[in-house]
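Trainee: One structure follows; several queries about it will come next.
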Protein chains: 2
Amino acid sequence: MEKNAEIQQAVDNYDAVKQIFTEYLNRTKHRKTPERYSILKEIYTRPGHFDIETLYIRMKNNRYRVSRATLYNTMELLLESGLVVKHQFGQSSAQYEKCLCFQPHDHAICLKCRKVIEFCEPRVGEIEKTLLQTFGFRASSHSLVFYGICEDCSKDGQADFEKKD
Amino acid sequence: MEKNAEIQQAVDNYDAVKQIFTEYLNRTKHRKTPERYSILKEIYTRPGHFDIETLYIRMKNNRYRVSRATLYNTMELLLESGLVVKHQFGQSSAQYEKCLCFQPHDHAICLKCRKVIEFCEPRVGEIEKTLLQTFGFRASSHSLVFYGICEDCSKDGQADFEKKD
DNA sequence: ATCCCTGCAAAGGGTTTGCAGACGC
DNA sequence: GCGTCTGCAAACCCTTTGCAGGGAT
């Protein structure tokens, strides 16, 4: 329980993450370039989801000079090292998220304000078991996304729905 | 129970679907063009998932003349009429599937052979309820996809894993 | 000094759009 | 005949690729 909190804190700490990344780069014989570390830093010092274009703009505003090509390239390494996860919500551009993958979690996206809610769902694990029993399918990962209306937007526009009695 | 079977048969029947589509076109004041019906027919007389390019080739081989633009356009109508659902697995092209949406279902995709398994999961509905209670989020739809190795591919390549005792 | 990595720009693939002609209404 | 739908091709967006120069090792 408290161990999880510790881990989570480590995740938010750039130095710890930097070390993990360095080990990954050493292990896979990739060069430790300043661009790669500045990208990692930018990702880990900001909360939430982001796409490549957003990250590109953010880094540009922070006086870093990185090309989109390098961003795509580096995201690949971060994905493989498990420091980042990638989501493909709908048909728009891919969304990335910092994560050490200790806790796979799921998402609910508001169709009005595009807000993303994150939550953990142990029952998904049970569904996985059923999948194995029924089809012999061994799941290694999953994606669960709910689309709907969040609480705030529910209050705003659909107040009439509530009155219905 | 048996009613479901009846419904399912109706779904597979082009004439029944044609009528539903016609009603939709009337209701929404869209024109009933031959292209739209031939697309609907092509979709409903073949099983499984497909993408636009596959559908385009298939129709070309069947002496139908439709452009990709019309396919995209018509898919939009079929989506809105509930006769087709759209999936975005990964970052490749969108996958479509015939469906009257009586039974929303989920998918498991084999990372080796790309086979898609379909299954229904009532527990997802329970997760939806939790989402409403916890965050006040009203889900209107969802997407649940498992990635892993199917039974067949498990036998092929990972036989060693089974022996482990 | 090697040769991987970077930045730039062009190419690529899927989807959308603009336009002129066709045809459902 | 009016106004929408079609086919074609160009435009579009996100992502990948090719190439020459630069920097990590």
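Chain labels run A, B, ... following the order of the structure tokens; each chain numbers its residues from 1, and ligands are numbered from 1 in the order shown.
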Near chain C, which residues of chain A fall within 9 Å when you count only C-alpha atoms (C1' of nucleotides), and what do they look like as a list in words?

Mentor: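 Filtering chain A at 9 Å from chain C with only C-alpha atoms (C1' of nucleotides) gives His30, Arg31, Thr33, Glu35, Val66, Ser67, Arg68, Ala69 and Thr70 of chain A.
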
Trainee: Run DSSP on the backbone and grab whatever in range 42-88 of chain B lands in strand (DSSP E or B); send it over as a PyMOL selection string.

Mentor: chain B and resi 50+84-87

Trainee: Using only C-alpha atoms and a cut-off of 6 Å, which residues of chain B sit close to chain A? Please list them as a PDB file with N, CA, C and O atoms, in the first residue's frame.

Mentor:
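Produced file result_8.pdb, reproduced below:
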```pdb
ATOM      1  N   GLY B 136     -19.397  10.399 -11.525  1.00  0.00           N
ATOM      2  CA  GLY B 136     -20.549  11.045 -12.139  1.00  0.00           C
ATOM      3  C   GLY B 136     -20.473  11.035 -13.654  1.00  0.00           C
ATOM      4  O   GLY B 136     -21.089  11.847 -14.332  1.00  0.00           O
ATOM      5  N   PHE B 137     -19.683  10.094 -14.182  1.00  0.00           N
ATOM      6  CA  PHE B 137     -19.490  10.014 -15.632  1.00  0.00           C
ATOM      7  C   PHE B 137     -20.530   9.097 -16.249  1.00  0.00           C
ATOM      8  O   PHE B 137     -20.638   7.929 -15.876  1.00  0.00           O
ATOM      9  N   ARG B 138     -21.310   9.623 -17.202  1.00  0.00           N
ATOM     10  CA  ARG B 138     -22.338   8.830 -17.866  1.00  0.00           C
ATOM     11  C   ARG B 138     -21.806   8.286 -19.183  1.00  0.00           C
ATOM     12  O   ARG B 138     -21.724   9.020 -20.167  1.00  0.00           O
ATOM     13  N   ALA B 139     -21.473   7.009 -19.200  1.00  0.00           N
ATOM     14  CA  ALA B 139     -20.919   6.399 -20.408  1.00  0.00           C
ATOM     15  C   ALA B 139     -22.029   6.117 -21.411  1.00  0.00           C
ATOM     16  O   ALA B 139     -23.104   5.653 -21.039  1.00  0.00           O
ATOM     17  N   SER B 140     -21.774   6.448 -22.665  1.00  0.00           N
ATOM     18  CA  SER B 140     -22.753   6.122 -23.701  1.00  0.00           C
ATOM     19  C   SER B 140     -22.249   4.975 -24.575  1.00  0.00           C
ATOM     20  O   SER B 140     -23.026   4.296 -25.224  1.00  0.00           O
ATOM     21  N   SER B 141     -20.950   4.792 -24.606  1.00  0.00           N
ATOM     22  CA  SER B 141     -20.393   3.656 -25.348  1.00  0.00           C
ATOM     23  C   SER B 141     -19.011   3.343 -24.797  1.00  0.00           C
ATOM     24  O   SER B 141     -18.496   4.084 -23.968  1.00  0.00           O
ATOM     25  N   HIS B 142     -18.446   2.252 -25.244  1.00  0.00           N
ATOM     26  CA  HIS B 142     -17.114   1.906 -24.758  1.00  0.00           C
ATOM     27  C   HIS B 142     -16.363   1.093 -25.801  1.00  0.00           C
ATOM     28  O   HIS B 142     -16.939   0.620 -26.779  1.00  0.00           O
ATOM     29  N   SER B 143     -15.087   0.952 -25.574  1.00  0.00           N
ATOM     30  CA  SER B 143     -14.235   0.120 -26.429  1.00  0.00           C
ATOM     31  C   SER B 143     -13.292  -0.649 -25.529  1.00  0.00           C
ATOM     32  O   SER B 143     -12.552  -0.062 -24.759  1.00  0.00           O
ATOM     33  N   LEU B 144     -13.393  -1.962 -25.583  1.00  0.00           N
ATOM     34  CA  LEU B 144     -12.510  -2.811 -24.780  1.00  0.00           C
ATOM     35  C   LEU B 144     -11.780  -3.768 -25.713  1.00  0.00           C
ATOM     36  O   LEU B 144     -12.406  -4.556 -26.410  1.00  0.00           O
ATOM     37  N   VAL B 145     -10.468  -3.660 -25.744  1.00  0.00           N
ATOM     38  CA  VAL B 145      -9.672  -4.500 -26.621  1.00  0.00           C
ATOM     39  C   VAL B 145      -8.546  -5.133 -25.824  1.00  0.00           C
ATOM     40  O   VAL B 145      -7.820  -4.436 -25.123  1.00  0.00           O
ATOM     41  N   PHE B 146      -8.438  -6.443 -25.933  1.00  0.00           N
ATOM     42  CA  PHE B 146      -7.303  -7.138 -25.338  1.00  0.00           C
ATOM     43  C   PHE B 146      -6.304  -7.479 -26.429  1.00  0.00           C
ATOM     44  O   PHE B 146      -6.691  -7.876 -27.527  1.00  0.00           O
ATOM     45  N   TYR B 147      -5.029  -7.314 -26.112  1.00  0.00           N
ATOM     46  CA  TYR B 147      -3.979  -7.719 -27.034  1.00  0.00           C
ATOM     47  C   TYR B 147      -3.230  -8.882 -26.409  1.00  0.00           C
ATOM     48  O   TYR B 147      -2.933  -8.865 -25.213  1.00  0.00           O
ATOM     49  N   GLY B 148      -2.926  -9.882 -27.193  1.00  0.00           N
ATOM     50  CA  GLY B 148      -2.226 -11.035 -26.642  1.00  0.00           C
ATOM     51  C   GLY B 148      -2.015 -12.105 -27.688  1.00  0.00           C
ATOM     52  O   GLY B 148      -1.902 -11.805 -28.880  1.00  0.00           O
ATOM     53  N   ILE B 149      -1.954 -13.339 -27.226  1.00  0.00           N
ATOM     54  CA  ILE B 149      -1.686 -14.460 -28.126  1.00  0.00           C
ATOM     55  C   ILE B 149      -2.870 -15.422 -28.090  1.00  0.00           C
ATOM     56  O   ILE B 149      -3.277 -15.856 -27.010  1.00  0.00           O
ATOM     57  N   CYS B 150      -3.388 -15.763 -29.250  1.00  0.00           N
ATOM     58  CA  CYS B 150      -4.546 -16.650 -29.315  1.00  0.00           C
ATOM     59  C   CYS B 150      -4.111 -18.098 -29.093  1.00  0.00           C
ATOM     60  O   CYS B 150      -2.925 -18.414 -29.091  1.00  0.00           O
ATOM     61  N   GLU B 151      -5.098 -18.963 -28.940  1.00  0.00           N
ATOM     62  CA  GLU B 151      -4.824 -20.360 -28.603  1.00  0.00           C
ATOM     63  C   GLU B 151      -3.927 -21.030 -29.648  1.00  0.00           C
ATOM     64  O   GLU B 151      -2.947 -21.683 -29.304  1.00  0.00           O
TER      65      GLU B 151
END
```

Trainee: Hey, what's within 9 Å of range 41-45 of chain B if we count only C-alpha atoms (C1' of nucleotides) and toss same-chain stuff fewer than 4 positions away? As a list in words, please?

Mentor: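 Surrounding residues, per the criterion: Val11, Asp12, Asn13, Tyr14, Asp15, Val17, Lys18, Arg36, Tyr37, Phe50, Leu55, Arg58, Met59, Val84, Glu97 and Lys98 of chain B.
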
Trainee: Please report as CSV every residue of chain D lying within 12 Å of chain A, along with the nearest atom pair and their distance in Å (one decimal), using only C-alpha atoms (C1' of nucleotides).

Mentor:
```
residue,atom,partner,partner_atom,distance
D:DC13,C1',A:Ser93,CA,8.8
D:DC14,C1',A:Ser93,CA,6.4
D:DT15,C1',A:Tyr72,CA,8.2
D:DT16,C1',A:Ala69,CA,8.5
D:DT17,C1',A:Ala69,CA,9.7
D:DG22,C1',A:Thr33,CA,11.9
D:DG23,C1',A:Thr33,CA,8.7
D:DA24,C1',A:Arg31,CA,6.4
D:DT25,C1',A:Arg31,CA,8.1
```

Trainee: Save out the residues we just selected, N, CA and C atoms (P, O5', C5', C4', C3', O3' and C1' of nucleotides), as a PDB file, in the first residue's frame.

Mentor:
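Result went into again.pdb, see below:
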```pdb
ATOM      1  P    DC D  13      -4.182  20.416 -42.243  1.00  0.00           P
ATOM      2  O5'  DC D  13      -3.984  19.097 -41.364  1.00  0.00           O
ATOM      3  C5'  DC D  13      -5.107  18.262 -41.083  1.00  0.00           C
ATOM      4  C4'  DC D  13      -4.593  16.973 -40.495  1.00  0.00           C
ATOM      5  C3'  DC D  13      -3.388  17.150 -39.571  1.00  0.00           C
ATOM      6  O3'  DC D  13      -3.639  16.505 -38.341  1.00  0.00           O
ATOM      7  C1'  DC D  13      -2.929  15.527 -41.247  1.00  0.00           C
ATOM      8  P    DC D  14      -2.634  16.706 -37.113  1.00  0.00           P
ATOM      9  O5'  DC D  14      -1.855  15.319 -37.085  1.00  0.00           O
ATOM     10  C5'  DC D  14      -2.591  14.122 -36.854  1.00  0.00           C
ATOM     11  C4'  DC D  14      -1.738  12.945 -37.250  1.00  0.00           C
ATOM     12  C3'  DC D  14      -0.448  12.779 -36.450  1.00  0.00           C
ATOM     13  O3'  DC D  14      -0.422  11.450 -35.946  1.00  0.00           O
ATOM     14  C1'  DC D  14      -0.008  12.648 -38.771  1.00  0.00           C
ATOM     15  P    DT D  15       0.725  10.950 -34.967  1.00  0.00           P
ATOM     16  O5'  DT D  15       1.736  10.279 -35.989  1.00  0.00           O
ATOM     17  C5'  DT D  15       1.291   9.177 -36.761  1.00  0.00           C
ATOM     18  C4'  DT D  15       2.335   8.791 -37.777  1.00  0.00           C
ATOM     19  C3'  DT D  15       3.723   8.475 -37.209  1.00  0.00           C
ATOM     20  O3'  DT D  15       3.981   7.107 -37.448  1.00  0.00           O
ATOM     21  C1'  DT D  15       3.852   9.818 -39.173  1.00  0.00           C
ATOM     22  P    DT D  16       5.395   6.464 -37.070  1.00  0.00           P
ATOM     23  O5'  DT D  16       6.154   6.519 -38.478  1.00  0.00           O
ATOM     24  C5'  DT D  16       5.520   5.990 -39.625  1.00  0.00           C
ATOM     25  C4'  DT D  16       6.432   6.127 -40.828  1.00  0.00           C
ATOM     26  C3'  DT D  16       7.872   5.630 -40.619  1.00  0.00           C
ATOM     27  O3'  DT D  16       8.196   4.824 -41.737  1.00  0.00           O
ATOM     28  C1'  DT D  16       7.882   7.841 -41.452  1.00  0.00           C
ATOM     29  P    DT D  17       9.614   4.120 -41.846  1.00  0.00           P
ATOM     30  O5'  DT D  17      10.379   5.029 -42.917  1.00  0.00           O
ATOM     31  C5'  DT D  17       9.686   5.490 -44.057  1.00  0.00           C
ATOM     32  C4'  DT D  17      10.615   6.312 -44.931  1.00  0.00           C
ATOM     33  C3'  DT D  17      12.086   5.884 -44.893  1.00  0.00           C
ATOM     34  O3'  DT D  17      12.583   5.924 -46.218  1.00  0.00           O
ATOM     35  C1'  DT D  17      11.898   8.154 -44.316  1.00  0.00           C
ATOM     36  P    DG D  22      27.943  20.532 -39.484  1.00  0.00           P
ATOM     37  O5'  DG D  22      27.478  19.639 -38.246  1.00  0.00           O
ATOM     38  C5'  DG D  22      26.216  19.884 -37.614  1.00  0.00           C
ATOM     39  C4'  DG D  22      26.124  19.042 -36.346  1.00  0.00           C
ATOM     40  C3'  DG D  22      27.300  19.176 -35.395  1.00  0.00           C
ATOM     41  O3'  DG D  22      26.824  19.074 -34.059  1.00  0.00           O
ATOM     42  C1'  DG D  22      27.123  16.935 -36.091  1.00  0.00           C
ATOM     43  P    DG D  23      27.689  19.588 -32.833  1.00  0.00           P
ATOM     44  O5'  DG D  23      27.585  18.373 -31.823  1.00  0.00           O
ATOM     45  C5'  DG D  23      26.323  17.720 -31.600  1.00  0.00           C
ATOM     46  C4'  DG D  23      26.592  16.287 -31.132  1.00  0.00           C
ATOM     47  C3'  DG D  23      27.667  16.165 -30.049  1.00  0.00           C
ATOM     48  O3'  DG D  23      27.296  15.092 -29.192  1.00  0.00           O
ATOM     49  C1'  DG D  23      28.287  14.875 -31.858  1.00  0.00           C
ATOM     50  P    DA D  24      27.488  15.186 -27.659  1.00  0.00           P
ATOM     51  O5'  DA D  24      27.438  13.636 -27.263  1.00  0.00           O
ATOM     52  C5'  DA D  24      26.270  12.884 -27.544  1.00  0.00           C
ATOM     53  C4'  DA D  24      26.601  11.417 -27.652  1.00  0.00           C
ATOM     54  C3'  DA D  24      27.462  10.868 -26.510  1.00  0.00           C
ATOM     55  O3'  DA D  24      27.024   9.533 -26.229  1.00  0.00           O
ATOM     56  C1'  DA D  24      28.619  10.634 -28.570  1.00  0.00           C
ATOM     57  P    DT D  25      27.576   8.735 -25.000  1.00  0.00           P
ATOM     58  O5'  DT D  25      28.780   7.890 -25.597  1.00  0.00           O
ATOM     59  C5'  DT D  25      28.473   6.813 -26.476  1.00  0.00           C
ATOM     60  C4'  DT D  25      29.749   6.267 -27.064  1.00  0.00           C
ATOM     61  C3'  DT D  25      30.816   5.976 -26.043  1.00  0.00           C
ATOM     62  O3'  DT D  25      30.901   4.580 -25.823  1.00  0.00           O
ATOM     63  C1'  DT D  25      31.701   7.013 -28.011  1.00  0.00           C
TER      64       DT D  25
END
```
